[in-house]
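Notes to accompany the following structure.
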Amino acid sequence: MPGRAVSVEERWEQFYRWGPYALLALATLIAAATAGSLEMSRAATYAAGALVLAAAALQLWWGRAGCGQPGHAVPGRIYYGVRTALAFALTWLNPLFAVYAVLGYFDSERLLPKRAVRPGLIVTAVTMAGSQAGGLPPQGVVGWTLFGGLFALNGFLTLIFAHLAIREAEAAREKAATMAELERANARLEQALAENAGLHAQLLVQAREAGVADERRRLAAEIHDTIAQGLTGIIAQLQVVSGAPDGALAREHLERAAALARHSLGQARRSVQNLSPAELENDALPVALRKTVAAWADHAGLRARFTVTGTEEPLHDEVAATLLRIAQEALANTARHARATRAGVTLSYMGDEISLDVRDDGRGFDPVALPPRSGTGGFGLAGMRARAERIAGTVTVESGEGRGTAVSARVPLVRNG
């Protein structure tokens, strides 16, 4: 199986740990091989050997003290300074020890504080220029001239590379900071997504509960407007039958009761299936209202008039059904409570709005002092208002003792299609 790929950072760490040993050993071998040709004295040879041992000891100390890690600031400065001094002294004794001195170019940024990097590089440049000029100290005018030129070249290149290295290090730090910020942002985003998921689940539950509650209210209102009113009419017809003096009249009222029962059954089925009222299945709202008012007047035994104002327009099914149910409820309340002799229904098309007005000349009531709805009572005004509010409409009531009642529903005119 192939081994794990070694990163660039890991290779540099290996160089910082073992490179000094390798370069010191290489420089020592080269210097020993050329000691005769360079005419090193016995004292210089012994001094070089002692300095090599000192450099090796320094490297062992550094390996144990810091293992080349940049976090050891003070030991790192000591290590770099002593090693640079040893490399300078060795190069003074034998120019070929510059092979070891070149280490100063690689880890100055890593071991020295920022303000000391350039001075450290300059010292290394002096050592390298002396080696390249033939040894330290330079001999004669030519030697010093050559040393000066090489030092200028080494110093210039050193500062350029140091500047580039510093820029690269800063870019690396910025990249690391950016990556860290991105990781924190990702963590915050994951947390926000988790919170949003929880909120979404909560909203779904609330929406489901609201939908169930709204459907219950819709069915309750539909049952009240269809089955309850139909049963009321059936009871009224049967009561007439029980007191009818002849069979023909009794049969007439029985037929009316049966028709009401069949109609109520059909309306109940349509309500459960959330379909439009049967009156609107084949007729537009004005026609359905006209028929509803006429049928109500016949059953209630009262005079009733239906009027349309404005230009008739096709209405959305929900708008038409809402206004029809409000009209039916208002007329049912008139028949049950108003003791009226006549009633009037007006449907008005008014641009972006449509209104339905149901009036009677009954005994009236105080709209502010309505009794609370009981378990056996109807939905009444509250039901009408709830229906209108579902399509962004309103219902207002004007009434008073002995002054009749006017119910006005105003809803947006939403055209069909």
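Chain identifiers are assigned as A, B, and so on, following the order in which chains appear in the structure tokens; residues are numbered from 1 within each chain, and ligands are numbered from 1 in order of appearance.
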
Hey, could you make a per-residue contact list for range 76-172 of chain A against range 43-46 of chain A with 12 Å as the cut-off, showing the nearest pair of atoms and its distance in Å to one decimal, counting only C-alpha atoms, sorted by chain and number, as JSON lines?
{"residue": "A:Ala89", "atom": "CA", "partner": "A:Ala44", "partner_atom": "CA", "distance": 10.6}
{"residue": "A:Leu90", "atom": "CA", "partner": "A:Ala44", "partner_atom": "CA", "distance": 9.5}
{"residue": "A:Thr91", "atom": "CA", "partner": "A:Ala44", "partner_atom": "CA", "distance": 11.3}
{"residue": "A:Trp92", "atom": "CA", "partner": "A:Ala44", "partner_atom": "CA", "distance": 9.7}
{"residue": "A:Leu93", "atom": "CA", "partner": "A:Ala44", "partner_atom": "CA", "distance": 6.3}
{"residue": "A:Asn94", "atom": "CA", "partner": "A:Ala44", "partner_atom": "CA", "distance": 8.7}

Residues just named, written with N, CA and C atoms as a compact mmCIF listing (two decimals), in the first residue's frame:
# COMPACT_ATOMS: atom_id res chain seq x y z
N ALA A 89 33.33 31.91 12.62
CA ALA A 89 34.69 31.55 13.06
C ALA A 89 35.24 30.40 12.22
N LEU A 90 34.41 29.40 11.94
CA LEU A 90 34.87 28.28 11.11
C LEU A 90 35.22 28.74 9.70
N THR A 91 34.41 29.63 9.13
CA THR A 91 34.70 30.15 7.79
C THR A 91 35.97 30.99 7.78
N TRP A 92 36.25 31.68 8.89
CA TRP A 92 37.50 32.45 9.03
C TRP A 92 38.69 31.51 8.94
N LEU A 93 38.52 30.31 9.61
CA LEU A 93 39.63 29.35 9.61
C LEU A 93 39.72 28.63 8.27
N ASN A 94 38.56 28.33 7.65
CA ASN A 94 38.56 27.63 6.37
C ASN A 94 37.33 28.10 5.59

Skip Met350 in chain A itself and residues of its chain fewer than 6 positions away, then list as a PDB file with N, CA and C atoms, in the first residue's frame all residues within 9 Å of it, counting only C-alpha atoms.
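Final output, selection_29.pdb:
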ATOM      1  N   THR A 309     -76.888  46.695  -7.943  1.00  0.00           N
ATOM      2  CA  THR A 309     -76.411  47.980  -8.449  1.00  0.00           C
ATOM      3  C   THR A 309     -74.988  47.816  -8.979  1.00  0.00           C
ATOM      4  N   GLY A 310     -74.621  48.674  -9.926  1.00  0.00           N
ATOM      5  CA  GLY A 310     -73.288  48.597 -10.516  1.00  0.00           C
ATOM      6  C   GLY A 310     -73.252  47.591 -11.655  1.00  0.00           C
ATOM      7  N   THR A 311     -72.077  47.452 -12.236  1.00  0.00           N
ATOM      8  CA  THR A 311     -71.880  46.541 -13.372  1.00  0.00           C
ATOM      9  C   THR A 311     -71.515  45.162 -12.856  1.00  0.00           C
ATOM     10  N   LEU A 413     -63.337  42.729  -4.453  1.00  0.00           N
ATOM     11  CA  LEU A 413     -63.933  42.148  -5.665  1.00  0.00           C
ATOM     12  C   LEU A 413     -62.823  41.392  -6.407  1.00  0.00           C
TER      13      LEU A 413
END

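Nearest to Gly344 in chain A of all the residues A:Ser399, A:Ala320, A:Leu153, A:Gly404 is A:Gly404, counting only C-alpha atoms.
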
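The smallest atom-to-atom distance between Asp352 in chain A and any of A:Gly364, A:Pro412, A:Glu401, A:Lys175, using only C-alpha atoms, is found for A:Pro412.
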
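For range 267-376 of chain A, the set of residues given strand (DSSP E or B) by DSSP on the backbone reads Arg303, Ala304, Arg305, Phe306, Thr307, Val308, Thr309, Leu315, Arg342, Ala343, Gly344, Val345, Thr346, Leu347, Ser348, Tyr349, Met350, Glu353, Ile354, Ser355, Leu356, Asp357, Val358, Arg359 and Asp360 of chain A.
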
Could those selected residues go to a file with N, CA, C and O atoms, as a short mmCIF file (atom, residue, chain, number, x, y, z; two decimals), in the first residue's frame?
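Wrote result31.cif, looks like this:
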data_model
loop_
_atom_site.label_atom_id
_atom_site.label_comp_id
_atom_site.auth_asym_id
_atom_site.auth_seq_id
_atom_site.Cartn_x
_atom_site.Cartn_y
_atom_site.Cartn_z
N ARG A 303 -92.54 39.79 2.91
CA ARG A 303 -92.19 40.45 1.67
C ARG A 303 -90.67 40.68 1.64
O ARG A 303 -90.08 41.10 2.63
N ALA A 304 -90.08 40.42 0.49
CA ALA A 304 -88.63 40.62 0.36
C ALA A 304 -88.31 41.10 -1.05
O ALA A 304 -88.97 40.69 -2.02
N ARG A 305 -87.30 41.95 -1.15
CA ARG A 305 -86.92 42.53 -2.45
C ARG A 305 -85.40 42.40 -2.61
O ARG A 305 -84.65 42.66 -1.68
N PHE A 306 -85.01 42.05 -3.81
CA PHE A 306 -83.58 41.94 -4.12
C PHE A 306 -83.22 42.95 -5.21
O PHE A 306 -83.95 43.07 -6.21
N THR A 307 -82.07 43.64 -5.01
CA THR A 307 -81.64 44.69 -5.94
C THR A 307 -80.15 44.51 -6.23
O THR A 307 -79.37 44.19 -5.32
N VAL A 308 -79.77 44.76 -7.49
CA VAL A 308 -78.36 44.75 -7.88
C VAL A 308 -78.01 46.13 -8.42
O VAL A 308 -78.74 46.68 -9.26
N THR A 309 -76.89 46.70 -7.94
CA THR A 309 -76.41 47.98 -8.45
C THR A 309 -74.99 47.82 -8.98
O THR A 309 -74.24 46.94 -8.55
N LEU A 315 -67.39 36.63 -10.34
CA LEU A 315 -66.65 36.64 -9.08
C LEU A 315 -65.93 35.32 -8.85
O LEU A 315 -66.37 34.27 -9.32
N ARG A 342 -91.04 42.93 6.33
CA ARG A 342 -90.41 42.97 5.02
C ARG A 342 -88.90 43.05 5.18
O ARG A 342 -88.40 43.45 6.23
N ALA A 343 -88.22 42.68 4.11
CA ALA A 343 -86.76 42.72 4.13
C ALA A 343 -86.26 43.08 2.73
O ALA A 343 -87.00 42.92 1.73
N GLY A 344 -85.06 43.58 2.66
CA GLY A 344 -84.46 43.95 1.38
C GLY A 344 -83.00 43.53 1.33
O GLY A 344 -82.27 43.63 2.32
N VAL A 345 -82.59 43.03 0.17
CA VAL A 345 -81.20 42.60 -0.03
C VAL A 345 -80.66 43.34 -1.25
O VAL A 345 -81.30 43.32 -2.32
N THR A 346 -79.49 43.98 -1.09
CA THR A 346 -78.88 44.74 -2.18
C THR A 346 -77.45 44.25 -2.38
O THR A 346 -76.67 44.18 -1.42
N LEU A 347 -77.12 43.93 -3.61
CA LEU A 347 -75.75 43.54 -4.00
C LEU A 347 -75.19 44.66 -4.85
O LEU A 347 -75.75 44.99 -5.91
N SER A 348 -74.05 45.26 -4.42
CA SER A 348 -73.49 46.43 -5.10
C SER A 348 -72.07 46.14 -5.58
O SER A 348 -71.21 45.75 -4.78
N TYR A 349 -71.87 46.33 -6.89
CA TYR A 349 -70.53 46.21 -7.48
C TYR A 349 -69.91 47.61 -7.48
O TYR A 349 -70.44 48.52 -8.14
N MET A 350 -68.77 47.77 -6.79
CA MET A 350 -68.18 49.10 -6.63
C MET A 350 -66.69 49.07 -6.99
O MET A 350 -65.82 49.22 -6.11
N GLU A 353 -64.36 46.61 -5.04
CA GLU A 353 -65.03 46.13 -3.84
C GLU A 353 -66.46 45.78 -4.20
O GLU A 353 -67.06 46.31 -5.13
N ILE A 354 -67.00 44.83 -3.43
CA ILE A 354 -68.40 44.45 -3.59
C ILE A 354 -69.04 44.38 -2.22
O ILE A 354 -68.40 43.94 -1.25
N SER A 355 -70.27 44.89 -2.13
CA SER A 355 -70.94 44.92 -0.83
C SER A 355 -72.28 44.22 -0.92
O SER A 355 -72.93 44.18 -1.98
N LEU A 356 -72.68 43.67 0.23
CA LEU A 356 -73.98 43.01 0.36
C LEU A 356 -74.68 43.62 1.56
O LEU A 356 -74.12 43.63 2.68
N ASP A 357 -75.88 44.15 1.35
CA ASP A 357 -76.64 44.78 2.44
C ASP A 357 -77.96 44.04 2.61
O ASP A 357 -78.71 43.85 1.63
N VAL A 358 -78.25 43.62 3.85
CA VAL A 358 -79.50 42.94 4.19
C VAL A 358 -80.20 43.78 5.26
O VAL A 358 -79.64 44.00 6.35
N ARG A 359 -81.41 44.27 4.94
CA ARG A 359 -82.14 45.17 5.85
C ARG A 359 -83.51 44.56 6.17
O ARG A 359 -84.10 43.84 5.35
N ASP A 360 -84.00 44.88 7.37
CA ASP A 360 -85.37 44.48 7.71
C ASP A 360 -85.98 45.58 8.57
O ASP A 360 -85.27 46.45 9.09
#

Can you list, as an mmCIF file with C-alpha atoms, in the first residue's frame, every protein, DNA or RNA residue that comes within 9 Å of Leu24 in chain A when you count only C-alpha atoms, leaving out same-chain residues fewer than 2 positions away?
data_model
loop_
_atom_site.group_PDB
_atom_site.id
_atom_site.type_symbol
_atom_site.label_atom_id
_atom_site.label_comp_id
_atom_site.auth_asym_id
_atom_site.auth_seq_id
_atom_site.Cartn_x
_atom_site.Cartn_y
_atom_site.Cartn_z
ATOM 1 C CA GLY A 19 19.820 19.601 8.014
ATOM 2 C CA PRO A 20 22.318 21.295 10.354
ATOM 3 C CA TYR A 21 23.920 17.929 11.177
ATOM 4 C CA ALA A 22 24.201 17.070 7.477
ATOM 5 C CA LEU A 26 29.621 17.893 4.785
ATOM 6 C CA ALA A 27 31.501 21.108 5.553
ATOM 7 C CA THR A 28 33.854 19.252 7.915
ATOM 8 C CA LEU A 29 34.645 16.589 5.314
ATOM 9 C CA VAL A 52 33.024 21.665 14.978
ATOM 10 C CA ALA A 55 28.640 23.250 16.814
ATOM 11 C CA ALA A 56 27.584 19.619 17.143
ATOM 12 C CA PHE A 97 32.873 25.964 6.170
ATOM 13 C CA VAL A 99 28.580 25.264 3.524
ATOM 14 C CA TYR A 100 27.536 25.206 7.189
ATOM 15 C CA ALA A 101 27.124 28.993 7.454
#

I'd like the neighbourhood of range 142-146 of chain A as a PDB file with all heavy atoms, in the first residue's frame, where a residue qualifies if any of its atoms comes within 9 Å (using only C-alpha atoms), though same-chain residues fewer than 4 positions away should be ignored.
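Contents of out17.pdb, freshly written:
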ATOM      1  N   ALA A 129      30.161  36.151   1.798  1.00  0.00           N
ATOM      2  CA  ALA A 129      30.995  36.979   0.911  1.00  0.00           C
ATOM      3  C   ALA A 129      32.474  36.753   1.191  1.00  0.00           C
ATOM      4  O   ALA A 129      33.296  36.673   0.265  1.00  0.00           O
ATOM      5  CB  ALA A 129      30.628  38.450   1.090  1.00  0.00           C
ATOM      6  N   GLN A 132      33.426  33.479  -0.410  1.00  0.00           N
ATOM      7  CA  GLN A 132      33.479  33.576  -1.868  1.00  0.00           C
ATOM      8  C   GLN A 132      34.673  34.428  -2.351  1.00  0.00           C
ATOM      9  O   GLN A 132      35.168  34.227  -3.465  1.00  0.00           O
ATOM     10  CB  GLN A 132      32.160  34.167  -2.382  1.00  0.00           C
ATOM     11  CG  GLN A 132      30.964  33.252  -2.149  1.00  0.00           C
ATOM     12  CD  GLN A 132      29.635  33.991  -2.249  1.00  0.00           C
ATOM     13  OE1 GLN A 132      29.616  35.202  -2.529  1.00  0.00           O
ATOM     14  NE2 GLN A 132      28.549  33.276  -1.997  1.00  0.00           N
ATOM     15  N   ALA A 133      35.133  35.365  -1.503  1.00  0.00           N
ATOM     16  CA  ALA A 133      36.267  36.225  -1.880  1.00  0.00           C
ATOM     17  C   ALA A 133      37.607  35.537  -1.657  1.00  0.00           C
ATOM     18  O   ALA A 133      38.656  36.128  -1.933  1.00  0.00           O
ATOM     19  CB  ALA A 133      36.211  37.535  -1.098  1.00  0.00           C
ATOM     20  N   GLY A 134      37.595  34.324  -1.103  1.00  0.00           N
ATOM     21  CA  GLY A 134      38.843  33.599  -0.906  1.00  0.00           C
ATOM     22  C   GLY A 134      39.221  33.409   0.533  1.00  0.00           C
ATOM     23  O   GLY A 134      40.244  32.801   0.834  1.00  0.00           O
ATOM     24  N   PRO A 137      40.541  37.151   6.875  1.00  0.00           N
ATOM     25  CA  PRO A 137      40.111  38.445   6.314  1.00  0.00           C
ATOM     26  C   PRO A 137      40.600  38.611   4.886  1.00  0.00           C
ATOM     27  O   PRO A 137      41.533  37.926   4.463  1.00  0.00           O
ATOM     28  CB  PRO A 137      40.796  39.431   7.261  1.00  0.00           C
ATOM     29  CG  PRO A 137      42.048  38.736   7.682  1.00  0.00           C
ATOM     30  CD  PRO A 137      41.709  37.288   7.790  1.00  0.00           C
ATOM     31  N   PRO A 138      39.971  39.516   4.081  1.00  0.00           N
ATOM     32  CA  PRO A 138      40.435  39.739   2.714  1.00  0.00           C
ATOM     33  C   PRO A 138      41.892  40.258   2.711  1.00  0.00           C
ATOM     34  O   PRO A 138      42.315  40.958   3.627  1.00  0.00           O
ATOM     35  CB  PRO A 138      39.459  40.780   2.170  1.00  0.00           C
ATOM     36  CG  PRO A 138      38.260  40.692   3.067  1.00  0.00           C
ATOM     37  CD  PRO A 138      38.785  40.327   4.419  1.00  0.00           C
ATOM     38  N   LEU A 150      31.076  41.277  -3.500  1.00  0.00           N
ATOM     39  CA  LEU A 150      30.315  40.063  -3.171  1.00  0.00           C
ATOM     40  C   LEU A 150      29.374  40.283  -1.987  1.00  0.00           C
ATOM     41  O   LEU A 150      28.258  39.742  -1.952  1.00  0.00           O
ATOM     42  CB  LEU A 150      31.285  38.921  -2.875  1.00  0.00           C
ATOM     43  CG  LEU A 150      32.069  38.390  -4.089  1.00  0.00           C
ATOM     44  CD1 LEU A 150      33.165  37.425  -3.640  1.00  0.00           C
ATOM     45  CD2 LEU A 150      31.110  37.704  -5.066  1.00  0.00           C
ATOM     46  N   PHE A 151      29.846  41.073  -1.022  1.00  0.00           N
ATOM     47  CA  PHE A 151      28.970  41.365   0.131  1.00  0.00           C
ATOM     48  C   PHE A 151      27.741  42.165  -0.307  1.00  0.00           C
ATOM     49  O   PHE A 151      26.610  41.894   0.137  1.00  0.00           O
ATOM     50  CB  PHE A 151      29.749  42.132   1.189  1.00  0.00           C
ATOM     51  CG  PHE A 151      28.870  42.647   2.298  1.00  0.00           C
ATOM     52  CD1 PHE A 151      28.289  41.782   3.207  1.00  0.00           C
ATOM     53  CD2 PHE A 151      28.583  44.020   2.413  1.00  0.00           C
ATOM     54  CE1 PHE A 151      27.463  42.249   4.226  1.00  0.00           C
ATOM     55  CE2 PHE A 151      27.768  44.483   3.426  1.00  0.00           C
ATOM     56  CZ  PHE A 151      27.216  43.605   4.333  1.00  0.00           C
TER      57      PHE A 151
END

(request) Would you mind reading off the distance between CA of Thr124 in chain A and CA of Phe161 in chain A, one decimal, in Å? (result) 13.4 Å

(request) Using only C-alpha atoms, determine which residues lie at most 10 Å from range 104-108 of chain A, disregarding the query and same-chain residues fewer than 6 positions distant; provide the list as a count of residues only. (result) 28

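The space separating CA of Ala33 in chain A from CA of Pro95 in chain A comes to 12.7 Å.
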
(message) Which residue is closest to Met128 in chain A? Choose from A:Leu51, A:Ala187, A:Ala295, A:Ala152 and count only C-alpha atoms.
(response) A:Ala152

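Near Ala335 in chain A, within 10 Å and counting only C-alpha atoms, sit Trp296, Ala297, His299, Ala300, Gly301, Leu302, Glu329, Ala330, Leu331, Ala332, Ala338, Arg339, Ala340, Thr341, Ala343, Asp360 and Gly362 of chain A, not including residues fewer than 3 positions from it in the same chain.
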